[in-house]
Structures are given as C-alpha cells and as structure tokens.
Amino acid sequence: MSFDLPRNVILPVDTVDVRLDPGPHPFARDNAEAIAENWRREITANPALFDGTVVLLSQLAWRDNSLIGRCHAVNYATFMLWRKRRENSGAEHAYAHAMLVAGDNALVAIRMGRHTVNAGRVYFAAGSFEPADFRDGLVDVDFNMIREVREETGLDLSAAERGERYHALSTNSGTVIFRRYHEPAPADEIARRISAFVAGEADPEIEGPVVIRHAGDLPDGLTSYMKPLIEWHFSGVA
C-alpha cells in the first residue's frame, strides 16, 4: 500500500482507519546516529524544544472515502530529522485540524509562539498525533482535535456541533485531516476568549488568535496548505 492517495485535492473522508504499529519505524531504526546528532544541533539553536513522542506514518491510502494507514511512535528528535529528509524516506506525517467556525461564519485560527518550531506560522490549533490519541491501536481523530484546541487556546470543543464528515488534503509536506467545529459566538468573542487564555499562561504555545473572514482574507505567515482549506470553507461546501 505504501502512500497511495491523490495529492493536492480535498478528499471526502467518512472513516479514518489509521493504526499504531508497536514496532519501530524503519526511518528511526535506520537513522539513529543522524537523529542524535541533528537533535544536538536543534536544541543548541532552540533550548525550548522537548523530545516528546509523536507518530510517523509508514503507510497511508485513500479507499472508498476511507483513510487507511499504519504509523509508529517516534521521538520528536526523529521527527525533526525526518523534516529535513522526508523525500524518499519511507515516512510521512499526518495531523488533524479542528476547523473552528464562528457564529458569523468566520474562521478562527492561531499564530504559533516565537519559541516553537513553527514560530509565527498561522493554521488551525493542532498538533501531531501522539500514542495517547489511539484507542485499542486505532486513532481517535476527534480526541486529538479537541485535546490540541484545549491545550493551545483554552476552548473546549467537546460539545460543539461537528461537520458530518472529515475531509483530507494530502501534499508533499503531509496529510491534514480536518473537520468543521461550530461555535455559536461571533469570531471576535472567540478571539477574546483565546487571548485571555494566552495572557494567563506562563509559557503559551501560541501567540494568539487569527480571525479569517473571507477567502481573500489571508494573514501573513499562513501555511501553504491552509489557503485551499479556507477557500473550501468559504465556497459553501456542505
């Protein structure tokens, strides 16, 4: 199966059947020395980095509106080297976005904090899948979305109305799985809540909220894959 899915097109996704393999990822196994050496350089440049645990894919395919794949737990040091060697690495990255839709139909994204790897970049509050996001070996996408939004913004989306299905966009840099989450408050009110949460954090992960009101309202620092997601939302796709 390897990686077999259309690229650069938004795909409807009814189920996500991505499973956690307990074995090591071949990329981590085959590059142990390079991973350690690169990590030493990374933490010298940014001592705030933390060598936690994320997952990397070894397989992903799209079949009958389902994403089917396999992933492996790796330390963050492995992920950091993979970012530099992703071409022909036998590994890919997938992550999830709760597309936060305000009551006035504006989108509420975030700008990452200056001490993070993605400093200044704008996207929906999100983070890599971690082993804690899996239930009996199967990824729980919504658990990951809700957890990451709460950690970064203080918002609790567990009771929010959700879009009927997921969608996915796969590019050369990774595959984003996204779903609309609707909050009834207007965007400015949601942004105020996020800003208040960030102000109360000793070491916030994000710089603050970013409100996007129409398809042409593209902020500085927007990650490249966000533009088609924003256009998709404002095109009125159900």
# chains A, B, ... in the order shown; residues from 1 in each chain; ligands from 1
>>> closest_atom_pairs(of="region 73-141 of chain A", to="region 161-167 of chain A", cutoff="12 Å", atoms="only C-alpha atoms", output="CSV")
residue,atom,partner,partner_atom,distance
A:Tyr95,CA,A:His167,CA,12.0
A:Ala96,CA,A:Tyr166,CA,9.7
A:His97,CA,A:Tyr166,CA,9.8
A:Ala98,CA,A:Arg162,CA,9.1
A:Met99,CA,A:Gly163,CA,9.4
A:Leu100,CA,A:Arg162,CA,9.7
A:Val101,CA,A:Arg162,CA,9.9
A:Ala102,CA,A:Glu161,CA,11.2
A:Gly103,CA,A:Glu161,CA,11.4
A:Val141,CA,A:Tyr166,CA,9.4
>>> closest_residue(among="A:Val108, A:Thr116, A:Ile177, A:Val74", to="Glu189 (chain A)", atoms="only C-alpha atoms")
A:Val108
>>> residues_around(residues="Arg19 (chain A)", least_positions_apart="6", cutoff="9 Å", atoms="only C-alpha atoms", output="tab-separated table (two decimals) with N, CA, C and O atoms, in the first residue's frame")
chain	number	residue	atom	x	y	z
A	68	ILE	N	-6.76	4.78	5.20
A	68	ILE	CA	-6.30	3.53	5.80
A	68	ILE	C	-4.78	3.61	5.91
A	68	ILE	O	-4.10	3.88	4.91
A	69	GLY	N	-4.26	3.38	7.10
A	69	GLY	CA	-2.82	3.52	7.23
A	69	GLY	C	-2.24	2.86	8.46
A	69	GLY	O	-2.93	2.30	9.30
A	70	ARG	N	-0.92	2.98	8.54
A	70	ARG	CA	-0.16	2.44	9.67
A	70	ARG	C	0.85	3.49	10.10
A	70	ARG	O	1.45	4.17	9.27
A	71	CYS	N	1.03	3.62	11.41
A	71	CYS	CA	2.01	4.57	11.92
A	71	CYS	C	2.77	3.96	13.09
A	71	CYS	O	2.41	2.89	13.60
A	72	HIS	N	3.82	4.64	13.49
A	72	HIS	CA	4.71	4.16	14.54
A	72	HIS	C	5.06	5.33	15.46
A	72	HIS	O	5.26	6.45	15.00
A	134	PHE	N	-4.75	7.22	20.52
A	134	PHE	CA	-5.17	5.94	19.94
A	134	PHE	C	-5.97	5.14	20.95
A	134	PHE	O	-5.65	5.12	22.14
A	136	ASP	N	-7.24	1.29	21.53
A	136	ASP	CA	-7.04	-0.09	21.06
A	136	ASP	C	-6.31	-0.12	19.72
A	136	ASP	O	-6.63	-0.90	18.82
A	137	GLY	N	-5.33	0.77	19.59
A	137	GLY	CA	-4.49	0.80	18.40
A	137	GLY	C	-5.03	1.60	17.25
A	137	GLY	O	-4.34	1.78	16.24
A	138	LEU	N	-6.26	2.16	17.35
A	138	LEU	CA	-6.88	2.90	16.27
A	138	LEU	C	-6.94	4.38	16.64
A	138	LEU	O	-7.35	4.74	17.74
A	139	VAL	N	-6.54	5.24	15.71
A	139	VAL	CA	-6.50	6.68	16.02
A	139	VAL	C	-7.90	7.23	16.25
A	139	VAL	O	-8.86	6.89	15.56
>>> closest_atom_pairs(of="region 25-88 of chain A", to="region 8-15 of chain A", cutoff="8 Å", atoms="only C-alpha atoms", output="tab-separated table")
residue	atom	partner	partner_atom	distance
A:Asn65	CA	A:Val13	CA	4.7
A:Ser66	CA	A:Thr15	CA	4.9
A:Leu67	CA	A:Thr15	CA	6.5
>>> write_last_selection(atoms="C-alpha atoms", output="short mmCIF file (atom, residue, chain, number, x, y, z; two decimals), in the first residue's frame")
data_model
loop_
_atom_site.label_atom_id
_atom_site.label_comp_id
_atom_site.auth_asym_id
_atom_site.auth_seq_id
_atom_site.Cartn_x
_atom_site.Cartn_y
_atom_site.Cartn_z
CA ASN A 65 -13.79 7.55 1.23
CA SER A 66 -11.65 6.00 3.96
CA LEU A 67 -8.09 6.77 5.02
#
>>> select_by_dssp(residues="region 102-142 of chain A", states="strand (DSSP E)", output="VMD selection string")
chain A and resid 107 to 112 122 to 123 134 to 135 138 to 139
